[in-house]
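Below: one structure, written as structure tokens.
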Amino acid sequence: MFCVVSFIVLSILSVFSAENRSLAREALDCVLRRVTLRPCNTGFDEKMKAKILGFVITKTETGARILNRFFEPLSWMFILLFLGSAFFAVRGVYLFYVTGSCNGLNQSGFCVFDPTGQSNQISNVGESCPVVLPGEDPVSLKGVNLSGFPVLNGDSQKRIVFIGSYGCEYSRKAYPVVRQLAEKSGASFTFLYYPVKESSDLLAKIGYCAYRQDAQKYWSLVDSFFTAERSQIEDEAFIRQTLTEAGYNPETIAFCANDPQTEWAVKKQLAEVVKTGFFGTPTVFIQNEVLIGPKPPRVYAIALDGLLYWAR
Amino acid sequence: MNIEKIRQDFPLLNSKNGHKPIVYLDNACQSLRPQAVIEAVQRYYEQTPACAGRSMHRLANEVSRQVDEARQTVAKFLHANRKEEIIFTRNTTEAINLVANALDWKPGDVVLLTDKEHNSNLIPWQMLARRFGVCLKFVPSNPDNTFNLSAYQQALQGGVRLVAMGFTSNLDGVSIPAEEVVRLAHKHGAQVLLDAAQTAPHQRLDVRRLDADWVAFSGHKMLAPSGIGVLYGKYRLLEAMQPFLVGGDTVASSTYEDCQFLPPPEKFEAGLQNYAGIIGLAAAIRYLQQIGLEAIEKHEIALNQYLSEALKSVPGLQIIGPADARLRGGIVSFFIPGVDHHRIALMLDQMAGIAVRSGQHCVHSWFNARDIPGSVRASLYFYNTQEETRQLVDALIKIRKVL
């Protein structure tokens, strides 16, 4: 069994050092012989065992004695450890590809491919700084009435629901990706605006009024708010200008936004958003998946169209 | 003999092998080279890299002069009658093969060997047995692996064409009583070839006193470059012998039908020779003569005595050959029943930077006949120290605790 361990270790070392390549080839020969039920006649295992023992004995005689005695069981142990770690490594790569995190969808924890955990970062509701995700995932659209929210391609079988805030850095990162995916795939796209700061309530009301007034122009307004400088979006002059550019009359929108009925309707909508159980933005519902934090584009595409999304 | 000063002449003994200084105890296989030999070889390649005995230009003349001088140096080293008795070969193996293939053999000719010959002095004769029906006979050693003179005398009775024996065994370092062996062989009309590969580097060789017909040895075991060896042969025998390898520089002239061979040694030295090796061999001999072969032998035996005594503290260790270390020259061959010899050698290298030989040392016949898988061989030379042998013993004690 030692041949197998050696082959694995030496193969990896061979990538970096030519010195180990001939040993790796010898180990491979040994492995092939073992697999075909022939004895390993190169003396490879003996040679390696002696070298290892020779090294260990200089550190600890007792260790060398134990190693010599339990060499075969220890080899087995290393094989099992290797298989275990190989399984978790492959699983990690797969999960990273599919969910954007080595640990699974919306799972925090260290991931070598995303060491800073960017794909899980969110702006917590009421805050603007990133928070660590809770382990459990109670977020769902179950019992949430989405009828009053802005929707694009409403008739499509595929569904994307995006909860985001113009003031949230991570929403701003995820929004164009998800929006483009919706456009490309023809999936219905529902936008649930949720302000991460108190002052952003105004934009909720403006958005509500704008959508009511003209659903077609509404999406260019949203696009503009997401692409604008973060420092500008609370600025009244900027809002007026953006509304104008989108084809709205700022006065009419302002009048509507100050209407108590609008305030009541927006509060009702925000209450519906809260019902999802979400805890930060962006939160994206695609088919049956909930994706929290800005994921790589492929993750959204996989959630919508499956692993072979690129073939469609 | 100032060993510390001598060791400074050997680059490898002054460098580090990884983090540990090397302890080189594989001298029976190949010795280390002193700076003087390295420089002699380098000088040849830098200053006179030309052919000897062919071209007429100054470089060629200089090489011819150096080769001639080297032949003279070897002849003096062996106390040969004349330098033409020295034939340069690649090594001992080639020298023995030369004799084996150059003599005329008849079916039933007997070649007498010991029971612990190196393959170099066994396989060539086995080939003759296959080709010409030559009969091989073996003189069994005494139980302690020393030479059995009475068995030898008995073996000579049946009529022997050639006695071909290792002068000093590479297995256990035991030397045969060569003078007596030759005297008895000649008395019975047999010729004698001595494989002196393990003798020439360690003892004074006097071919006139020995009266041996052929003596073969290698340069690489006695400080010289690898790829150079020597066959000494009595001139009248060489003259009568047909050449083995033939071709360039072995003939005075040739026609499409025939050729006229040069006298010895040229007729045995076909093709371009290893001039760097020949010049290096002469430098090595000069170095050895400076130290003195008597002093070398004395030093090695003293080391062997110390080592053999110290090895008694390693449980289960058995030394091959006589208990008296003085009879084993500079070689200590040992095994521990149940412990793989290669594993011991590898561990010695890994843990202490000690280089020893493990296996059957090209004496498979001896090991196979006794069903011993192999041994570890520590072979000493004049640059080895007592401290180094102590390191070997300490490492073996540690290994024994683990294995």
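Chain lettering (A, B, ...) mirrors the order of the structure tokens, residue numbering begins at 1 for each chain separately, and ligand numbering begins at 1 in order of display.
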Item to check | Sel. of strand (DSSP E) residues, segment 55-236 of chain A, as a list in words | outcome: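 So the strand (DSSP E) residues in segment 55-236 of chain A would be Ser123, Asn124, Val151, Leu152, Arg159, Ile160, Val161, Phe162, Ile163, Gly164, Ser188, Phe189, Thr190, Phe191, Leu192 and Tyr193 of chain A.
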Do you know which residues are at most 9 Å from segment 281-292 of chain A counting only C-alpha atoms, after dropping those on the same chain fewer than 6 positions away, and could you put them as a compact mmCIF listing (two decimals) with N, CA, C and O atoms, in the first residue's frame?
# COMPACT_ATOMS: atom_id res chain seq x y z
N THR A 99 -21.81 27.15 -6.48
CA THR A 99 -22.43 28.08 -5.53
C THR A 99 -21.58 29.32 -5.25
O THR A 99 -22.03 30.24 -4.57
N LEU A 105 -23.75 26.62 -0.80
CA LEU A 105 -24.49 27.85 -1.08
C LEU A 105 -24.70 28.66 0.18
O LEU A 105 -25.19 28.15 1.19
N ASN A 106 -24.33 29.93 0.11
CA ASN A 106 -24.52 30.91 1.19
C ASN A 106 -23.79 30.52 2.48
O ASN A 106 -24.12 31.03 3.54
N SER A 119 -18.19 36.46 -2.20
CA SER A 119 -19.48 36.04 -2.76
C SER A 119 -20.54 35.84 -1.69
O SER A 119 -21.68 35.54 -2.00
N ASN A 120 -20.16 36.00 -0.43
CA ASN A 120 -21.16 35.86 0.64
C ASN A 120 -21.41 37.17 1.37
O ASN A 120 -22.17 37.21 2.33
N GLN A 121 -20.75 38.24 0.93
CA GLN A 121 -20.88 39.49 1.67
C GLN A 121 -22.21 40.18 1.37
O GLN A 121 -22.65 40.22 0.22
N ILE A 122 -22.80 40.70 2.43
CA ILE A 122 -24.07 41.42 2.25
C ILE A 122 -24.06 42.67 3.11
O ILE A 122 -23.24 42.80 4.02
N SER A 123 -24.97 43.58 2.79
CA SER A 123 -25.20 44.70 3.70
C SER A 123 -26.39 44.32 4.55
O SER A 123 -27.47 44.01 4.03
N ASN A 124 -26.15 44.31 5.84
CA ASN A 124 -27.23 43.92 6.74
C ASN A 124 -28.34 44.97 6.71
O ASN A 124 -28.08 46.14 6.45
N VAL A 125 -29.51 44.53 6.97
CA VAL A 125 -30.64 45.45 6.96
C VAL A 125 -30.44 46.48 8.06
O VAL A 125 -30.23 46.10 9.22
N LEU A 133 -22.68 35.70 7.48
CA LEU A 133 -23.99 35.08 7.28
C LEU A 133 -24.35 34.12 8.40
O LEU A 133 -23.49 33.43 8.92
N ASP A 137 -30.64 28.87 6.95
CA ASP A 137 -31.08 29.60 5.77
C ASP A 137 -32.62 29.60 5.73
O ASP A 137 -33.21 28.82 4.98
N VAL A 139 -34.57 31.84 4.66
CA VAL A 139 -35.11 32.83 3.70
C VAL A 139 -35.94 32.11 2.63
O VAL A 139 -35.50 31.11 2.06
N SER A 140 -37.16 32.66 2.40
CA SER A 140 -38.05 32.01 1.43
C SER A 140 -39.09 33.01 0.92
O SER A 140 -39.42 34.00 1.57
N LEU A 141 -39.63 32.69 -0.25
CA LEU A 141 -40.69 33.54 -0.81
C LEU A 141 -42.07 33.01 -0.43
O LEU A 141 -43.09 33.57 -0.85
N LYS A 158 -39.69 30.92 -15.90
CA LYS A 158 -38.52 31.07 -15.03
C LYS A 158 -38.68 32.35 -14.23
O LYS A 158 -39.18 33.35 -14.74
N ARG A 159 -38.20 32.29 -12.95
CA ARG A 159 -38.45 33.46 -12.12
C ARG A 159 -37.20 33.88 -11.34
O ARG A 159 -36.52 33.05 -10.74
N ILE A 160 -36.97 35.18 -11.41
CA ILE A 160 -35.89 35.74 -10.60
C ILE A 160 -36.48 36.87 -9.76
O ILE A 160 -37.19 37.72 -10.28
N VAL A 161 -36.19 36.82 -8.46
CA VAL A 161 -36.64 37.90 -7.57
C VAL A 161 -35.40 38.48 -6.91
O VAL A 161 -34.61 37.73 -6.31
N PHE A 162 -35.26 39.76 -7.04
CA PHE A 162 -34.03 40.41 -6.54
C PHE A 162 -34.38 41.38 -5.42
O PHE A 162 -35.14 42.31 -5.61
N ILE A 163 -33.85 41.15 -4.22
CA ILE A 163 -34.01 42.12 -3.14
C ILE A 163 -32.70 42.87 -3.04
O ILE A 163 -31.64 42.26 -2.78
N GLY A 164 -32.77 44.16 -3.23
CA GLY A 164 -31.53 44.92 -3.20
C GLY A 164 -31.77 46.35 -2.80
O GLY A 164 -32.91 46.80 -2.63
N SER A 165 -30.64 47.02 -2.59
CA SER A 165 -30.72 48.42 -2.20
C SER A 165 -29.69 49.20 -3.00
O SER A 165 -28.57 48.73 -3.20
N CYS A 168 -26.43 49.74 -1.19
CA CYS A 168 -25.63 48.58 -0.77
C CYS A 168 -24.61 48.22 -1.86
O CYS A 168 -24.97 47.95 -3.01
N TYR A 170 -22.87 45.64 -2.33
CA TYR A 170 -22.95 44.26 -2.85
C TYR A 170 -24.14 44.10 -3.79
O TYR A 170 -24.10 43.36 -4.76
N SER A 171 -25.21 44.85 -3.50
CA SER A 171 -26.37 44.84 -4.41
C SER A 171 -25.98 45.46 -5.74
O SER A 171 -26.37 44.99 -6.80
N ARG A 172 -25.20 46.51 -5.65
CA ARG A 172 -24.77 47.21 -6.86
C ARG A 172 -23.89 46.30 -7.73
O ARG A 172 -23.87 46.43 -8.94
N LYS A 173 -23.18 45.37 -7.04
CA LYS A 173 -22.33 44.44 -7.76
C LYS A 173 -23.19 43.34 -8.43
O LYS A 173 -22.92 42.93 -9.56
N ALA A 174 -24.17 42.88 -7.69
CA ALA A 174 -24.96 41.75 -8.18
C ALA A 174 -26.02 42.18 -9.20
O ALA A 174 -26.35 41.42 -10.11
N TYR A 175 -26.58 43.37 -9.04
CA TYR A 175 -27.73 43.79 -9.85
C TYR A 175 -27.48 43.68 -11.37
O TYR A 175 -28.26 43.03 -12.07
N VAL A 178 -27.45 40.01 -12.54
CA VAL A 178 -28.74 39.33 -12.48
C VAL A 178 -29.68 39.91 -13.55
O VAL A 178 -30.41 39.18 -14.21
N TYR A 194 -35.28 47.36 -1.02
CA TYR A 194 -35.32 47.44 0.44
C TYR A 194 -34.16 48.30 0.89
O TYR A 194 -33.00 47.96 0.68
N VAL A 196 -31.28 49.82 2.91
CA VAL A 196 -30.44 49.36 4.03
C VAL A 196 -30.18 50.48 5.02
O VAL A 196 -29.65 50.25 6.09
N VAL A 299 -22.88 31.39 -11.17
CA VAL A 299 -23.69 30.80 -10.10
C VAL A 299 -25.17 31.13 -10.34
O VAL A 299 -26.04 30.27 -10.19
N TYR A 300 -25.43 32.37 -10.74
CA TYR A 300 -26.82 32.75 -11.03
C TYR A 300 -27.34 31.97 -12.24
O TYR A 300 -28.46 31.49 -12.26
N ALA A 303 -28.10 28.42 -11.29
CA ALA A 303 -29.35 28.35 -10.52
C ALA A 303 -30.57 28.45 -11.45
O ALA A 303 -31.60 27.81 -11.22
N LEU A 304 -30.41 29.19 -12.52
CA LEU A 304 -31.53 29.39 -13.44
C LEU A 304 -31.65 28.25 -14.45
O LEU A 304 -32.73 27.71 -14.68
Item to check | Atomic separation - atom CA of Ile319 of chain B relative to atom CA of Leu67 of chain A, Å | outcome: 27.9 Å
Next on the checklist: Taking only C-alpha atoms into account, find every residue of chain A that has an atom no more than 6 Å from chain B, and write it out as a list in words.
Outcome noted: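 Listing them in order of chain and number gives Ala50, Lys51, Gly54, Phe55, Thr58 and Arg65 of chain A.
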Item to check | Test item, helix (DSSP H, G or I) assignment across segment 343-396 of chain B, answer as a PyMOL selection string | outcome: chain B and resi 343-352+364-370+386-396
